[in-house]
>>> print(open('protein_38.txt').read())   # compact mmCIF, C-alpha atoms
# COMPACT_ATOMS: atom_id res chain seq x y z
CA ASP G 1 42.80 9.51 14.78
CA LEU G 2 44.86 9.15 11.58
CA ILE G 3 48.08 8.47 13.43
CA GLY G 4 46.46 5.86 15.66
CA ASN G 5 47.27 7.74 18.86
CA THR G 6 43.83 7.32 20.39
CA SER G 7 43.09 3.66 19.66
CA HIS G 8 44.09 2.58 23.16
CA LEU G 9 42.95 5.74 24.96
CA THR G 10 39.25 5.86 24.13
CA SER G 11 38.28 5.70 27.80
CA GLN G 12 40.34 8.76 28.69
CA PRO G 13 38.43 12.04 29.09
CA ASN G 14 41.27 14.17 27.73
CA ILE G 15 43.20 12.40 25.01
CA LYS G 16 46.67 13.80 24.46
CA GLU G 17 48.15 13.74 20.99
CA VAL G 18 51.58 12.18 20.65
CA SER G 19 54.09 14.50 18.98
CA VAL G 20 57.38 13.44 17.41
CA GLY G 21 58.52 17.01 16.71
CA GLY G 22 61.22 16.70 19.34
CA LEU G 23 62.88 13.96 17.26
CA TRP G 24 63.44 16.22 14.23
CA GLU G 25 67.16 16.82 14.77
CA GLU G 26 67.84 13.15 15.57
CA ARG G 27 65.94 11.84 12.55
CA LEU G 28 67.45 14.44 10.24
CA ALA G 29 70.93 13.44 11.38
CA LEU G 30 70.18 9.77 10.56
CA VAL G 31 68.97 10.67 7.05
CA GLU G 32 71.96 12.98 6.47
CA GLU G 33 74.32 10.20 7.57
CA LYS G 34 72.76 7.82 5.06
CA LEU G 35 72.93 10.38 2.26
CA ILE G 36 76.59 11.20 2.94
CA ALA G 37 77.50 7.50 2.91
CA HIS G 38 75.57 6.98 -0.32
CA GLU G 39 77.15 10.02 -1.98
CA ARG G 40 80.66 8.83 -1.08
CA LEU G 41 79.83 5.40 -2.45
CA VAL G 42 78.44 6.69 -5.74
CA GLY G 43 81.41 9.02 -6.16
CA GLY G 44 83.99 6.33 -5.51
CA VAL G 45 82.47 3.17 -6.98
CA ASN G 46 84.71 0.98 -9.07
CA MET G 47 82.49 -0.26 -11.88
CA ASN G 48 84.41 -3.56 -11.93
CA ASP G 49 83.28 -4.31 -8.38
CA ASP G 50 80.23 -6.38 -7.64
CA SER G 51 77.48 -3.76 -7.31
CA ALA G 52 75.53 -5.64 -4.67
CA ALA G 53 78.58 -5.97 -2.45
CA VAL G 54 79.60 -2.36 -2.92
CA THR G 55 76.18 -0.84 -2.19
CA HIS G 56 75.29 -3.06 0.77
CA GLY G 57 74.69 -0.88 3.82
CA HIS G 58 75.01 2.35 1.83
CA GLU G 59 71.61 2.57 0.18
CA LEU G 60 69.53 5.72 0.14
CA PRO G 61 67.41 6.34 3.25
CA SER G 62 64.58 3.84 3.49
CA ASP G 63 60.91 4.64 3.10
CA ALA G 64 60.47 4.21 6.85
CA LYS G 65 63.29 6.65 7.70
CA LEU G 66 62.02 9.27 5.26
CA ALA G 67 58.47 8.89 6.60
CA ALA G 68 59.70 9.31 10.16
CA LEU G 69 61.63 12.44 9.14
CA VAL G 70 58.57 13.98 7.46
CA ALA G 71 56.40 13.16 10.49
CA SER G 72 58.82 14.92 12.84
CA TYR G 73 58.94 17.91 10.45
CA ARG G 74 55.14 18.07 10.49
CA ASP G 75 54.92 18.00 14.27
CA LYS G 76 57.76 20.48 14.82
CA PHE G 77 57.19 23.02 12.06
CA ILE G 78 53.48 22.75 11.21
CA ARG G 79 51.50 21.56 14.22
CA GLY G 80 53.76 23.55 16.50
CA LEU G 81 53.03 26.85 14.73
CA PRO G 82 50.40 29.20 16.16
CA ASP G 83 47.26 29.73 14.08
CA GLY G 84 47.51 32.44 11.45
CA ILE G 85 51.31 32.49 11.22
CA ASP G 86 52.70 33.76 7.92
CA ASP G 87 54.05 30.88 5.84
CA GLU G 88 57.06 33.01 4.95
CA ALA G 89 58.14 32.84 8.58
CA LEU G 90 58.52 29.05 8.41
CA GLN G 91 62.18 28.09 8.68
CA ILE G 92 63.79 24.66 8.83
CA THR G 93 66.94 24.14 10.84
CA GLY G 94 69.20 21.13 10.47
CA SER G 95 70.52 18.69 13.04
CA ASP G 96 73.33 21.16 13.81
CA GLY G 97 70.93 24.07 14.29
CA ALA G 98 71.89 25.77 11.03
CA LEU G 99 69.18 27.17 8.75
CA LEU G 100 68.53 24.76 5.89
CA LEU G 101 65.81 26.69 4.10
CA GLN G 102 62.71 28.76 4.61
CA SER G 103 59.33 28.61 2.95
CA SER G 104 60.09 31.68 0.82
CA ASP G 105 62.38 29.39 -1.23
CA THR G 106 60.32 28.37 -4.24
CA GLY G 107 60.48 25.75 -6.93
CA ILE G 108 60.44 22.05 -6.21
CA THR G 109 62.72 20.18 -8.55
CA ASN G 110 64.41 16.82 -8.35
CA SER G 111 67.36 16.83 -10.73
CA ASN G 112 69.29 13.86 -9.36
CA THR G 113 69.53 12.29 -12.80
CA SER G 114 72.10 9.72 -11.68
CA VAL G 115 69.38 7.99 -9.69
CA HIS G 116 66.11 9.14 -11.22
CA ALA G 117 64.93 11.06 -14.23
CA THR G 118 64.54 14.79 -13.76
CA SER G 119 61.11 15.50 -12.33
CA THR G 120 59.18 18.45 -10.97
CA LEU G 121 56.27 18.92 -8.63
CA PRO G 122 54.11 22.02 -8.21
CA SER G 123 55.29 24.23 -5.37
CA GLU G 124 51.76 25.04 -4.18
CA GLY G 125 52.97 28.52 -3.28
CA LYS G 126 54.85 28.69 0.01
CA THR G 127 52.99 26.07 1.96
CA PRO G 128 54.58 23.80 4.59
CA LEU G 129 54.17 20.87 2.18
CA ALA G 130 56.09 22.74 -0.52
CA THR G 131 58.84 23.47 1.99
CA ILE G 132 59.41 19.84 3.02
CA LEU G 133 59.29 18.74 -0.62
CA HIS G 134 61.92 21.36 -1.40
CA LEU G 135 64.08 19.99 1.40
CA LEU G 136 63.82 16.38 0.21
CA LEU G 137 64.01 16.93 -3.55
CA GLN G 138 66.32 19.91 -3.89
CA THR G 139 68.37 20.28 -0.73
CA TYR G 140 69.03 16.54 -0.38
CA SER G 141 68.34 15.41 -3.99
CA ILE G 142 66.35 12.39 -2.84
CA PRO G 143 64.80 10.73 -5.90
CA LEU G 144 61.05 10.34 -6.02
CA SER G 145 61.56 6.63 -6.60
CA SER G 146 62.85 6.35 -3.01
CA MET G 147 59.59 7.63 -1.60
CA GLY G 148 57.39 4.69 -0.72
CA PRO G 149 53.82 4.64 0.62
CA HIS G 150 54.84 5.58 4.16
CA THR G 151 56.75 8.68 3.06
CA ILE G 152 53.95 9.72 0.72
CA SER G 153 51.35 9.33 3.48
CA SER G 154 53.48 11.42 5.84
CA LEU G 155 53.81 14.09 3.15
CA LEU G 156 50.03 14.14 2.69
CA THR G 157 49.57 14.91 6.39
CA CYS G 158 51.59 18.10 5.79
CA ALA G 159 49.09 19.39 3.22
CA SER G 160 46.95 22.38 4.17
CA THR G 161 43.88 21.60 2.06
CA PRO G 162 42.20 18.69 0.25
CA ALA G 163 43.14 20.36 -3.05
CA GLU G 164 46.81 20.29 -2.07
CA ILE G 165 46.56 16.58 -1.21
CA GLN G 166 44.98 15.83 -4.59
CA SER G 167 47.55 17.96 -6.39
CA LEU G 168 50.42 16.04 -4.79
CA THR G 169 48.93 12.60 -5.46
CA SER G 170 48.25 13.39 -9.12
CA SER G 171 51.73 14.88 -9.54
CA LEU G 172 53.34 11.74 -8.14
CA GLU G 173 51.53 9.38 -10.50
CA PRO G 174 54.11 9.52 -13.34
CA TYR G 175 56.99 8.66 -10.98
CA VAL G 176 55.73 6.04 -8.53
CA THR G 177 53.22 3.21 -8.70
CA SER G 178 49.55 3.73 -7.89
CA ALA G 179 49.94 1.25 -5.02
CA GLN G 180 52.44 3.62 -3.41
CA VAL G 181 50.18 6.67 -3.72
CA TYR G 182 46.64 5.38 -3.29
CA THR G 183 46.70 3.40 -0.06
CA PRO G 184 43.97 3.05 2.57
CA HIS G 185 45.93 5.50 4.70
CA SER G 186 46.23 8.14 1.97
CA TYR G 187 42.50 7.95 1.31
CA ALA G 188 41.84 8.34 5.04
CA ILE G 189 44.08 11.41 5.14
CA LEU G 190 42.03 13.00 2.37
CA VAL G 191 38.78 12.16 4.21
CA HIS G 192 40.26 13.74 7.34
CA SER G 193 41.18 16.93 5.44
CA HIS G 194 37.61 17.28 4.17
CA ALA G 195 36.27 16.53 7.65
CA GLN G 196 38.25 19.40 9.15
CA ARG G 197 36.12 21.69 6.99
CA GLY G 198 32.86 19.95 7.81
CA ASP G 199 32.52 18.78 4.22
CA PHE G 200 30.80 15.46 4.90
CA LYS G 201 29.67 15.10 1.28
CA SER G 202 33.27 15.11 0.05
CA CYS G 203 34.19 12.70 2.86
CA ALA G 204 31.54 10.28 1.61
CA SER G 205 32.71 10.76 -1.99
CA VAL G 206 36.31 9.86 -1.09
CA ILE G 207 35.12 6.78 0.80
CA ARG G 208 33.23 5.70 -2.32
CA ASP G 209 36.43 6.19 -4.35
CA MET G 210 38.24 4.15 -1.72
CA LEU G 211 35.78 1.29 -2.18
CA ALA G 212 36.04 1.51 -5.98
CA ALA G 213 39.83 1.20 -5.67
CA GLY G 214 39.40 -2.04 -3.74
CA HIS G 215 40.14 -0.68 -0.27
CA GLY G 216 37.67 -1.24 2.50
CA PRO G 217 37.11 1.97 4.49
CA ASN G 218 39.17 1.86 7.67
CA ASN G 219 38.48 3.22 11.13
CA PRO G 220 40.22 6.60 10.53
CA ALA G 221 38.12 7.20 7.40
CA TYR G 222 34.85 6.39 9.13
CA THR G 223 35.82 8.37 12.22
CA SER G 224 36.58 11.42 10.10
CA LEU G 225 33.26 11.09 8.27
CA PHE G 226 31.38 10.99 11.57
CA ALA G 227 33.42 13.96 12.81
CA ALA G 228 32.44 15.95 9.71
CA CYS G 229 28.75 15.21 10.29
CA HIS G 230 29.10 16.19 13.94
CA LYS G 231 30.81 19.46 12.98
CA VAL G 232 28.00 20.35 10.56
CA LEU G 233 25.40 19.84 13.28
CA ARG G 234 27.32 21.98 15.75
CA VAL G 235 28.29 24.87 13.46
CA PRO G 236 25.22 26.67 12.07
CA HIS G 237 26.94 28.43 9.13
CA LEU G 238 28.18 25.19 7.56
CA PRO G 239 25.94 23.77 4.77
CA GLN G 240 23.69 20.95 5.99
>>> encode(input="protein_38.txt", output="structure tokens")
Amino acid sequence: DLIGNTSHLTSQPNIKEVSVGGLWEERLALVEEKLIAHERLVGGVNMNDDSAAVTHGHELPSDAKLAALVASYRDKFIRGLPDGIDDEALQITGSDGALLLQSSDTGITNSNTSVHATSTLPSEGKTPLATILHLLLQTYSIPLSSMGPHTISSLLTCASTPAEIQSLTSSLEPYVTSAQVYTPHSYAILVHSHAQRGDFKSCASVIRDMLAAGHGPNNPAYTSLFAACHKVLRVPHLPQ
């Protein structure tokens, strides 16, 4: 699948998905620790000091750490929710168990002008994606420039629909490079989202876009396309 959980388990009759939701508190604590250290550094920097020496070890959380945090959020607060749950009931607790925010909080704004120019992203209502973006950009003031391809891909897996994926990618374009947004993995995530709805034509269209962008379709993209075709054949009401 998209996460690569099944690549070594193809001979198993019942493949079990690996969840990292149980690591949410641990990963959040690591990110919070980094942010606190960075905030103390920025607040107490002597401008006469050598900047490289001062900031060493106190940078903002890395792309890998942010991606891991988003992945654990997805598995704990999205994949762990029963079908049909009201988005307003989604609440995020911190590493200490305290409520950080809930999905009824609206408005996604990054105003950390000391690190990055003020920027906004559409809230997409009260979706789980909007909630994690709110946490990163508003609660923790993480600049968009710190979000690399891994974080962006993890965010895309939190989207509820293909339209939400496309909205996020287009909104990110002014703030990060195309190479960070449009990766083979991000294309595969969009194919997967279409496949969940049995929309094999859109799957094929995204794969063509993937080729036009210079990325050869990967196994997750092809697997999702085949899954969409299989779903259409099995579900009579879906368009052939």
>>> residues_near_point(input="protein_38.txt", point="(56.6, 3.1, -8.5)", cutoff="9 Å", atoms="all atoms listed in the file", output="list in words")
Leu144, Ser145, Ser146, Met147, Gly148, Glu173, Pro174, Tyr175, Val176, Thr177, Ser178, Ala179, Gln180 and Val181 of chain G
>>> atom_distance(input="protein_38.txt", atom1="CA of Gly21 (chain G)", atom2="CA of Ala68 (chain G)")
10.2 Å
>>> atom_distance(input="protein_38.txt", atom1="CA of Leu133 (chain G)", atom2="CA of Arg197 (chain G)")
24.6 Å
>>> closest_residue(input="protein_38.txt", among="G:His215, G:Ala188, G:Ala71, G:Phe226", to="Lys201 (chain G)", atoms="all atoms listed in the file")
G:Phe226
>>> atom_distance(input="protein_38.txt", atom1="CA of Glu32 (chain G)", atom2="CA of Leu60 (chain G)")
9.9 Å
>>> residues_around(input="protein_38.txt", residues="Asp209 (chain G)", least_positions_apart="4", cutoff="12 Å", atoms="all atoms listed in the file", output="short mmCIF file (atom, residue, chain, number, x, y, z; two decimals) with C-alpha atoms, keeping the file's coordinate frame")
data_model
loop_
_atom_site.label_atom_id
_atom_site.label_comp_id
_atom_site.auth_asym_id
_atom_site.auth_seq_id
_atom_site.Cartn_x
_atom_site.Cartn_y
_atom_site.Cartn_z
CA TYR G 182 46.64 5.38 -3.29
CA THR G 183 46.70 3.40 -0.06
CA PRO G 184 43.97 3.05 2.57
CA SER G 186 46.23 8.14 1.97
CA TYR G 187 42.50 7.95 1.31
CA ALA G 188 41.84 8.34 5.04
CA LEU G 190 42.03 13.00 2.37
CA VAL G 191 38.78 12.16 4.21
CA SER G 202 33.27 15.11 0.05
CA CYS G 203 34.19 12.70 2.86
CA ALA G 204 31.54 10.28 1.61
CA SER G 205 32.71 10.76 -1.99
CA ALA G 213 39.83 1.20 -5.67
CA GLY G 214 39.40 -2.04 -3.74
CA HIS G 215 40.14 -0.68 -0.27
CA GLY G 216 37.67 -1.24 2.50
CA PRO G 217 37.11 1.97 4.49
CA ALA G 221 38.12 7.20 7.40
#
>>> residues_around(input="protein_38.txt", residues="Phe200 (chain G)", least_positions_apart="2", cutoff="12 Å", atoms="all atoms listed in the file", output="PDB file with C-alpha atoms, in the coordinates of the input")
ATOM      1  CA  LEU G 190      42.030  13.000   2.370  1.00  0.00           C
ATOM      2  CA  VAL G 191      38.780  12.160   4.210  1.00  0.00           C
ATOM      3  CA  HIS G 192      40.260  13.740   7.340  1.00  0.00           C
ATOM      4  CA  SER G 193      41.180  16.930   5.440  1.00  0.00           C
ATOM      5  CA  HIS G 194      37.610  17.280   4.170  1.00  0.00           C
ATOM      6  CA  ALA G 195      36.270  16.530   7.650  1.00  0.00           C
ATOM      7  CA  GLN G 196      38.250  19.400   9.150  1.00  0.00           C
ATOM      8  CA  ARG G 197      36.120  21.690   6.990  1.00  0.00           C
ATOM      9  CA  GLY G 198      32.860  19.950   7.810  1.00  0.00           C
ATOM     10  CA  SER G 202      33.270  15.110   0.050  1.00  0.00           C
ATOM     11  CA  CYS G 203      34.190  12.700   2.860  1.00  0.00           C
ATOM     12  CA  ALA G 204      31.540  10.280   1.610  1.00  0.00           C
ATOM     13  CA  SER G 205      32.710  10.760  -1.990  1.00  0.00           C
ATOM     14  CA  VAL G 206      36.310   9.860  -1.090  1.00  0.00           C
ATOM     15  CA  ILE G 207      35.120   6.780   0.800  1.00  0.00           C
ATOM     16  CA  ALA G 221      38.120   7.200   7.400  1.00  0.00           C
ATOM     17  CA  TYR G 222      34.850   6.390   9.130  1.00  0.00           C
ATOM     18  CA  THR G 223      35.820   8.370  12.220  1.00  0.00           C
ATOM     19  CA  SER G 224      36.580  11.420  10.100  1.00  0.00           C
ATOM     20  CA  LEU G 225      33.260  11.090   8.270  1.00  0.00           C
ATOM     21  CA  PHE G 226      31.380  10.990  11.570  1.00  0.00           C
ATOM     22  CA  ALA G 227      33.420  13.960  12.810  1.00  0.00           C
ATOM     23  CA  ALA G 228      32.440  15.950   9.710  1.00  0.00           C
ATOM     24  CA  CYS G 229      28.750  15.210  10.290  1.00  0.00           C
ATOM     25  CA  HIS G 230      29.100  16.190  13.940  1.00  0.00           C
ATOM     26  CA  LYS G 231      30.810  19.460  12.980  1.00  0.00           C
ATOM     27  CA  VAL G 232      28.000  20.350  10.560  1.00  0.00           C
ATOM     28  CA  LEU G 233      25.400  19.840  13.280  1.00  0.00           C
ATOM     29  CA  LEU G 238      28.180  25.190   7.560  1.00  0.00           C
ATOM     30  CA  PRO G 239      25.940  23.770   4.770  1.00  0.00           C
ATOM     31  CA  GLN G 240      23.690  20.950   5.990  1.00  0.00           C
TER      32      GLN G 240
END
>>> closest_residue(input="protein_38.txt", among="G:Leu211, G:Leu172, G:Val18, G:Cys158", to="Ile189 (chain G)", atoms="only C-alpha atoms")
G:Cys158
>>> build_atoms(input="protein_38.txt", residues="region 219-231 of chain G", atoms="N, CA, C and O atoms", output="compact mmCIF listing (two decimals), in the frame of the given file")
# COMPACT_ATOMS: atom_id res chain seq x y z
N ASN G 219 39.00 2.47 9.99
CA ASN G 219 38.48 3.22 11.13
C ASN G 219 38.76 4.72 11.03
O ASN G 219 37.86 5.52 11.33
N PRO G 220 39.98 5.15 10.66
CA PRO G 220 40.22 6.60 10.53
C PRO G 220 39.29 7.27 9.54
O PRO G 220 38.82 8.38 9.78
N ALA G 221 39.01 6.60 8.41
CA ALA G 221 38.12 7.20 7.40
C ALA G 221 36.71 7.36 7.95
O ALA G 221 36.08 8.42 7.81
N TYR G 222 36.20 6.31 8.56
CA TYR G 222 34.85 6.39 9.13
C TYR G 222 34.78 7.41 10.27
O TYR G 222 33.81 8.17 10.38
N THR G 223 35.80 7.42 11.11
CA THR G 223 35.82 8.37 12.22
C THR G 223 35.79 9.81 11.72
O THR G 223 35.09 10.66 12.26
N SER G 224 36.56 10.08 10.67
CA SER G 224 36.58 11.42 10.10
C SER G 224 35.24 11.79 9.49
O SER G 224 34.78 12.93 9.60
N LEU G 225 34.59 10.83 8.83
CA LEU G 225 33.26 11.09 8.27
C LEU G 225 32.28 11.45 9.37
O LEU G 225 31.52 12.43 9.24
N PHE G 226 32.29 10.69 10.46
CA PHE G 226 31.38 10.99 11.57
C PHE G 226 31.71 12.35 12.19
O PHE G 226 30.80 13.11 12.58
N ALA G 227 33.01 12.67 12.25
CA ALA G 227 33.42 13.96 12.81
C ALA G 227 32.91 15.11 11.94
O ALA G 227 32.50 16.16 12.46
N ALA G 228 32.94 14.92 10.62
CA ALA G 228 32.44 15.95 9.71
C ALA G 228 30.95 16.17 9.92
O ALA G 228 30.46 17.31 9.96
N CYS G 229 30.19 15.10 10.05
CA CYS G 229 28.75 15.21 10.29
C CYS G 229 28.47 15.91 11.62
O CYS G 229 27.58 16.77 11.72
N HIS G 230 29.27 15.56 12.63
CA HIS G 230 29.10 16.19 13.94
C HIS G 230 29.39 17.68 13.86
O HIS G 230 28.69 18.51 14.45
N LYS G 231 30.43 18.06 13.10
CA LYS G 231 30.81 19.46 12.98
C LYS G 231 29.69 20.26 12.29
O LYS G 231 29.39 21.39 12.69
